[in-house]
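Below is one structure, written out as C-alpha cells; the observations come after it.
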Amino acid sequence: MLKIYNTLVRDKQEFKPIDANKVRMYVCGMTVYDYCHLGHARVMVVFDMVYRWLKASGYEVNYVRNITDIDDKIIKRAAENKESIHALTQRFIDAMHEDADALGVQRPDHEPLATQYVPQMLDMIALLEKNGLAYQATDGDVNYAVRKFDGYGKLSGKSLEDLRAGERIEVASDKNDPLDFVLWKHAKNSEAEEVKWASKWGKGRPGWHIECSAMASDILGDHFDIHGGGADLQFPHHENEIAQSEGAHHCQFVNYWMHNGFVRVDNEKMSKSLGNFFTIREVLKKYDAEVVRFFILRAHYRSPLNYSDAHLDDAKGALTRLYTALKGAPSPLAPHPEGERNWLPSPFEGGTEGGGVVDWNSPSAIRFKAAMDDDFNTSEAIGVLFDLANEVNRNQSLETATLLRALAGVMGLLQREPQEFLQGGASDGGLDDAAIQTQIDTRIAAKKSKNFSDADRIRKELLEAGIVLEDSAQGTTWRRA
C-alpha cells in the first residue's frame, strides 16, 4: 500500500488515485534562461523516481512537467545577450534535456511550453473575473483578489494576517490589496517587452502562477492526483495555483501535494540569488552522472541534501561497491521464467533496464517495496541493495545478482556493465577527438541547410555515446558525460 506525504494535510496518506490504476501527475519544471543547477537536478531525479515507482506499481501514469519559456528573467537575459527570446530559451531547453538525459531522467509524457498555452490562460483569467476573483487595476495589470478566496493559505499554513504583517508581499498602489498577485501583465512601452499577446484587457503577457494552473488543467483536467515541485514553490507559487484553479473551477485542484527538500551548501539553500549554486554540467565534468543520481536518491526526497565534494566522493565509493559486487557475478540478465506467477515483468520490459524480471515475493523485494511504498523512501530501499550486494559477494548467486540489478533498475541505477563504470564510466564507443569533431562539423552543416532532423539525430547519437554537446553564441563545444 503506497503512502505519500501530502503537504496539504502535513501527514502521510494512503494513495488512492481518482481513476483506478491511473495516475495524473504534474511537476513544475524549469524557467529556461540559464543552465540547470543541482537544485533542478534534484527535482528532475526525484520525480523521475516517483514516475518509475508508480509505473512499477502497476499504474498507468500521465506525467506532465512544464517549461516556463516567458518570464522577466528570460526577457532581461535575452536583451543582455542581444538575441531573440526563442533563441535563448531553445538553447537552454536543449541544455536541460542533455543534463536530464545524462542523469538518466526519463522524458515526461508531456512537456508543455508556457507560450503554447496563452489562450487557455486567458480563458482561466476571464473565468476568474466572471467569478469575482480577478480585476483590472489602473495600471492595466489584471490581479487576483486574494481575500475573496476563502481557502487561501491552506497549503502553506499561512494566514492572511500573518502575510500582511510579515511584509513579504510587494506593496503596489495600483492593487486593491498588497496581497493580490498578477494574472496578466499589461505591456509597457519598452523595447525589452518583446513578447506580448492581445487580450480583452489589452496587450500583455501572463503572470507566472497562471501558467501552471492553465497547463495542468488543460492536460490533466480540473482535478488530478499529484502535483509536485521543490519546497521553495510551496508558497507563493503552489498556494496561488490552488487559489486560481479552485477559484475558477469550483472543485478541488489536487489531491496530493509533494515537495522535495532543498539542496544546501554550507547549510544555506543553493540558489542563484546567493551565488552558491553549481550547474549540473559543472558537476558532471568532475563526477560520473550516475554518481550524481545516486547521491540524490540516497537521501529521502523530503530531507535537505547537503552538497560537497566529500559527499559526492562518498556516493562514488558506495556506488562502486555495488558495481564491484556485480563485476564478478554471473550475468544478471535472466530470461522471464514462463508460468511463474510470482515473477512479474520489470516496468522496463524490452530492454536491460530493471534487469528483466523481479520476484516481488522474495524477502529482499518485499523489503524494497515496503520502503518505496513508505513515501518513496529511497534511502531504505538502497539499504536493501547493499544487503543484496553483500550476499552476491558471498555466494556469487545468479538469482541474487539478477534481483540486485532489477531492483536498482527501478530507480534507474546499475544499468551499465560493471567494468564500464569501474573503469571510469567511459562509454564513447571508441570515438576519438577527431571523430567527435567530424560529427559536430556534420551537424553544423546540417543546421545551416535547415536539415534539423539530421542535426538532432547526430546530437542524440553522440549523447548515447557519452558525448554532450553545448551550443552557445560562440559555437559548439563538447564534453564526455
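Numbering starts fresh at 1 for the residues of each chain in the C-alpha cells, the chains themselves are lettered A, B, ... in the order given, and ligands are numbered from 1 as they appear.
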query: Quick one: residues within 9 Å of segment 278-290 of chain A, only C-alpha atoms counted, chain neighbours fewer than 3 positions away excluded, as a PyMOL selection string?
result: chain A and resi 35-41+99+102-104+270-272+275+293-295+312-313+316+319+412-414+421+424-425+479-481
- prompt: What lies within 7 Å of Ala401 of chain A using only C-alpha atoms, ignoring chain neighbours under 4 positions off, as a PyMOL selection string?
  reply: chain A and resi 326+329+332+392+397+405
query: Mind pulling up the distance from atom CA of Arg42 of chain A to atom CA of Val105 of chain A?
result: 10.6 Å
task: Give me the residues within 12 Å of Glu246 of chain A as JSON, numbers by chain, counting only C-alpha atoms and dropping any in the same chain fewer than 6 places off.
output: {"A": [124, 127, 128, 131, 133, 149, 150, 151, 152, 213, 214, 217, 221, 222, 223, 238, 239, 240, 252, 253, 254]}
- line: Judged by only C-alpha atoms, the minimum distance to Asn390 of chain A among A:Leu305, A:Ile18, A:Leu322, A:Ala465 is found for A:Leu322
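Once segment 378-385 of chain A and its same-chain neighbours fewer than 4 positions away are set aside, Met49, Leu297, Arg298, Ala299, His300, Tyr301, Leu322, Ser364, Ala365, Arg367, Phe368, Lys369, Ala370, Ala371, Met372, Ala389, Asn390, Leu403, Leu404, Arg405, Leu407, Ala408 and Met411 of chain A remain within 9 Å of it when counting only C-alpha atoms.
Ranking A:Ala231, A:Val292, A:Ala56, A:Val32 by their shortest atom-to-atom distance to Ile75 of chain A, with only C-alpha atoms included, puts A:Val32 first.
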message: Based on the backbone DSSP call, show me all residues of segment 111-328 of chain A assigned helix (DSSP H, G or I), as a ChimeraX atom specification.
response: /A:114-130,146-148,160-165,208-220,231-249,280-284,289-297,309-327
Within 12 Å of Arg107 of chain A, counting only C-alpha atoms, which residues show up once you throw out same-chain ones fewer than 5 positions away? Write them as a PDB file with N, CA and C atoms, in the first residue's frame, please.
ATOM      1  N   GLY A  29       8.316  22.634 -13.765  1.00  0.00           N
ATOM      2  CA  GLY A  29       9.619  22.466 -14.391  1.00  0.00           C
ATOM      3  C   GLY A  29      10.471  23.720 -14.337  1.00  0.00           C
ATOM      4  N   MET A  44      14.265  16.958 -10.963  1.00  0.00           N
ATOM      5  CA  MET A  44      14.135  16.043 -12.106  1.00  0.00           C
ATOM      6  C   MET A  44      14.321  14.598 -11.677  1.00  0.00           C
ATOM      7  N   VAL A  45      15.354  14.323 -10.870  1.00  0.00           N
ATOM      8  CA  VAL A  45      15.643  12.941 -10.478  1.00  0.00           C
ATOM      9  C   VAL A  45      14.593  12.417  -9.508  1.00  0.00           C
ATOM     10  N   PHE A  47      11.377  13.248  -9.107  1.00  0.00           N
ATOM     11  CA  PHE A  47      10.078  12.923  -9.694  1.00  0.00           C
ATOM     12  C   PHE A  47      10.191  11.911 -10.830  1.00  0.00           C
ATOM     13  N   ASP A  48      11.381  11.744 -11.379  1.00  0.00           N
ATOM     14  CA  ASP A  48      11.629  10.602 -12.261  1.00  0.00           C
ATOM     15  C   ASP A  48      11.531   9.311 -11.465  1.00  0.00           C
ATOM     16  N   MET A  49      12.085   9.314 -10.253  1.00  0.00           N
ATOM     17  CA  MET A  49      11.978   8.149  -9.368  1.00  0.00           C
ATOM     18  C   MET A  49      10.514   7.866  -9.029  1.00  0.00           C
ATOM     19  N   TYR A  51       7.885   8.711 -10.773  1.00  0.00           N
ATOM     20  CA  TYR A  51       7.285   8.243 -12.038  1.00  0.00           C
ATOM     21  C   TYR A  51       7.583   6.759 -12.248  1.00  0.00           C
ATOM     22  N   ARG A  52       8.844   6.368 -12.067  1.00  0.00           N
ATOM     23  CA  ARG A  52       9.237   4.974 -12.274  1.00  0.00           C
ATOM     24  C   ARG A  52       8.543   4.048 -11.266  1.00  0.00           C
ATOM     25  N   ASN A  62       0.248   9.451 -16.350  1.00  0.00           N
ATOM     26  CA  ASN A  62       0.314  10.579 -17.275  1.00  0.00           C
ATOM     27  C   ASN A  62       1.079  11.687 -16.561  1.00  0.00           C
ATOM     28  N   TYR A  63       2.341  11.856 -16.930  1.00  0.00           N
ATOM     29  CA  TYR A  63       3.266  12.739 -16.225  1.00  0.00           C
ATOM     30  C   TYR A  63       3.514  13.996 -17.058  1.00  0.00           C
ATOM     31  N   VAL A  64       3.235  15.151 -16.463  1.00  0.00           N
ATOM     32  CA  VAL A  64       3.440  16.442 -17.114  1.00  0.00           C
ATOM     33  C   VAL A  64       4.483  17.231 -16.321  1.00  0.00           C
ATOM     34  N   ARG A  65       5.498  17.734 -17.020  1.00  0.00           N
ATOM     35  CA  ARG A  65       6.454  18.666 -16.405  1.00  0.00           C
ATOM     36  C   ARG A  65       6.634  19.839 -17.368  1.00  0.00           C
ATOM     37  N   ASN A  66       6.201  21.007 -16.947  1.00  0.00           N
ATOM     38  CA  ASN A  66       6.162  22.154 -17.855  1.00  0.00           C
ATOM     39  C   ASN A  66       7.519  22.815 -18.031  1.00  0.00           C
ATOM     40  N   MET A  96      18.976  21.645 -20.995  1.00  0.00           N
ATOM     41  CA  MET A  96      18.243  20.952 -19.930  1.00  0.00           C
ATOM     42  C   MET A  96      18.033  19.482 -20.290  1.00  0.00           C
ATOM     43  N   HIS A  97      17.642  19.229 -21.538  1.00  0.00           N
ATOM     44  CA  HIS A  97      17.433  17.847 -21.972  1.00  0.00           C
ATOM     45  C   HIS A  97      18.741  17.050 -21.922  1.00  0.00           C
ATOM     46  N   GLU A  98      19.842  17.683 -22.312  1.00  0.00           N
ATOM     47  CA  GLU A  98      21.133  16.992 -22.258  1.00  0.00           C
ATOM     48  C   GLU A  98      21.482  16.613 -20.817  1.00  0.00           C
ATOM     49  N   ASP A  99      21.280  17.546 -19.901  1.00  0.00           N
ATOM     50  CA  ASP A  99      21.565  17.268 -18.491  1.00  0.00           C
ATOM     51  C   ASP A  99      20.660  16.161 -17.951  1.00  0.00           C
ATOM     52  N   ALA A 100      19.372  16.246 -18.276  1.00  0.00           N
ATOM     53  CA  ALA A 100      18.414  15.246 -17.791  1.00  0.00           C
ATOM     54  C   ALA A 100      18.741  13.867 -18.355  1.00  0.00           C
ATOM     55  N   ASP A 101      19.073  13.820 -19.651  1.00  0.00           N
ATOM     56  CA  ASP A 101      19.416  12.531 -20.268  1.00  0.00           C
ATOM     57  C   ASP A 101      20.664  11.934 -19.612  1.00  0.00           C
ATOM     58  N   ALA A 102      21.649  12.783 -19.341  1.00  0.00           N
ATOM     59  CA  ALA A 102      22.870  12.291 -18.705  1.00  0.00           C
ATOM     60  C   ALA A 102      22.579  11.689 -17.337  1.00  0.00           C
ATOM     61  N   PRO A 112       4.876  20.707 -21.782  1.00  0.00           N
ATOM     62  CA  PRO A 112       4.301  21.882 -22.439  1.00  0.00           C
ATOM     63  C   PRO A 112       5.118  23.148 -22.210  1.00  0.00           C
TER      64      PRO A 112
END
I'd like the neighbourhood of Asp266 of chain A as a PDB file with N, CA and C atoms, in the first residue's frame, where a residue qualifies if any of its atoms comes within 9 Å (using only C-alpha atoms), though same-chain residues fewer than 5 positions away should be ignored.
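Result file follows (part04.pdb):
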ATOM      1  N   ASN A 306      22.799  17.893   1.424  1.00  0.00           N
ATOM      2  CA  ASN A 306      23.982  18.723   1.613  1.00  0.00           C
ATOM      3  C   ASN A 306      25.027  18.413   0.545  1.00  0.00           C
ATOM      4  N   TYR A 307      25.303  19.426  -0.269  1.00  0.00           N
ATOM      5  CA  TYR A 307      26.251  19.241  -1.363  1.00  0.00           C
ATOM      6  C   TYR A 307      27.672  19.558  -0.914  1.00  0.00           C
ATOM      7  N   SER A 308      28.594  18.666  -1.275  1.00  0.00           N
ATOM      8  CA  SER A 308      30.025  18.918  -1.114  1.00  0.00           C
ATOM      9  C   SER A 308      30.752  17.850  -1.914  1.00  0.00           C
TER      10      SER A 308
END
Find the residues around Glu241 of chain A up to 8 Å (only C-alpha atoms counted), leave out those fewer than 6 positions away in its own chain, and share them as a PDB file with C-alpha atoms, in the first residue's frame.
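Final output, out.pdb:
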ATOM      1  CA  HIS A 209       1.345  31.434 -11.446  1.00  0.00           C
ATOM      2  CA  ILE A 210      -1.459  31.322 -14.019  1.00  0.00           C
ATOM      3  CA  CYS A 212       0.896  26.238 -14.384  1.00  0.00           C
ATOM      4  CA  SER A 213      -2.800  26.368 -13.467  1.00  0.00           C
TER       5      SER A 213
END
message: Under the rule that only C-alpha atoms are counted, which of A:Ile125, A:Ala187, A:Leu163, A:Leu462 is the nearest residue to His249 of chain A?
response: A:Ile125
- request: Run DSSP on the backbone and give me the residues of segment 29-271 of chain A it puts in strand (DSSP E or B), as a VMD selection string.
  value: chain A and resid 31 37 60 to 65 67 to 68 110 113 134 to 136 142 to 144 181 to 186 197 204 to 206 224 to 230 254 to 260 263 to 265 268 to 269
- line: The distance between atom CA of Gly228 of chain A and atom CA of Ser245 of chain A is 15.5 Å
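Taking atom CA of Gln120 of chain A and atom CA of Asn6 of chain A as endpoints, the distance between them is 28.0 Å.
Considering only C-alpha atoms, the residue among A:Ser156, A:Arg443, A:Ile70, A:Asp387 positioned nearest to Lys460 of chain A is A:Arg443.
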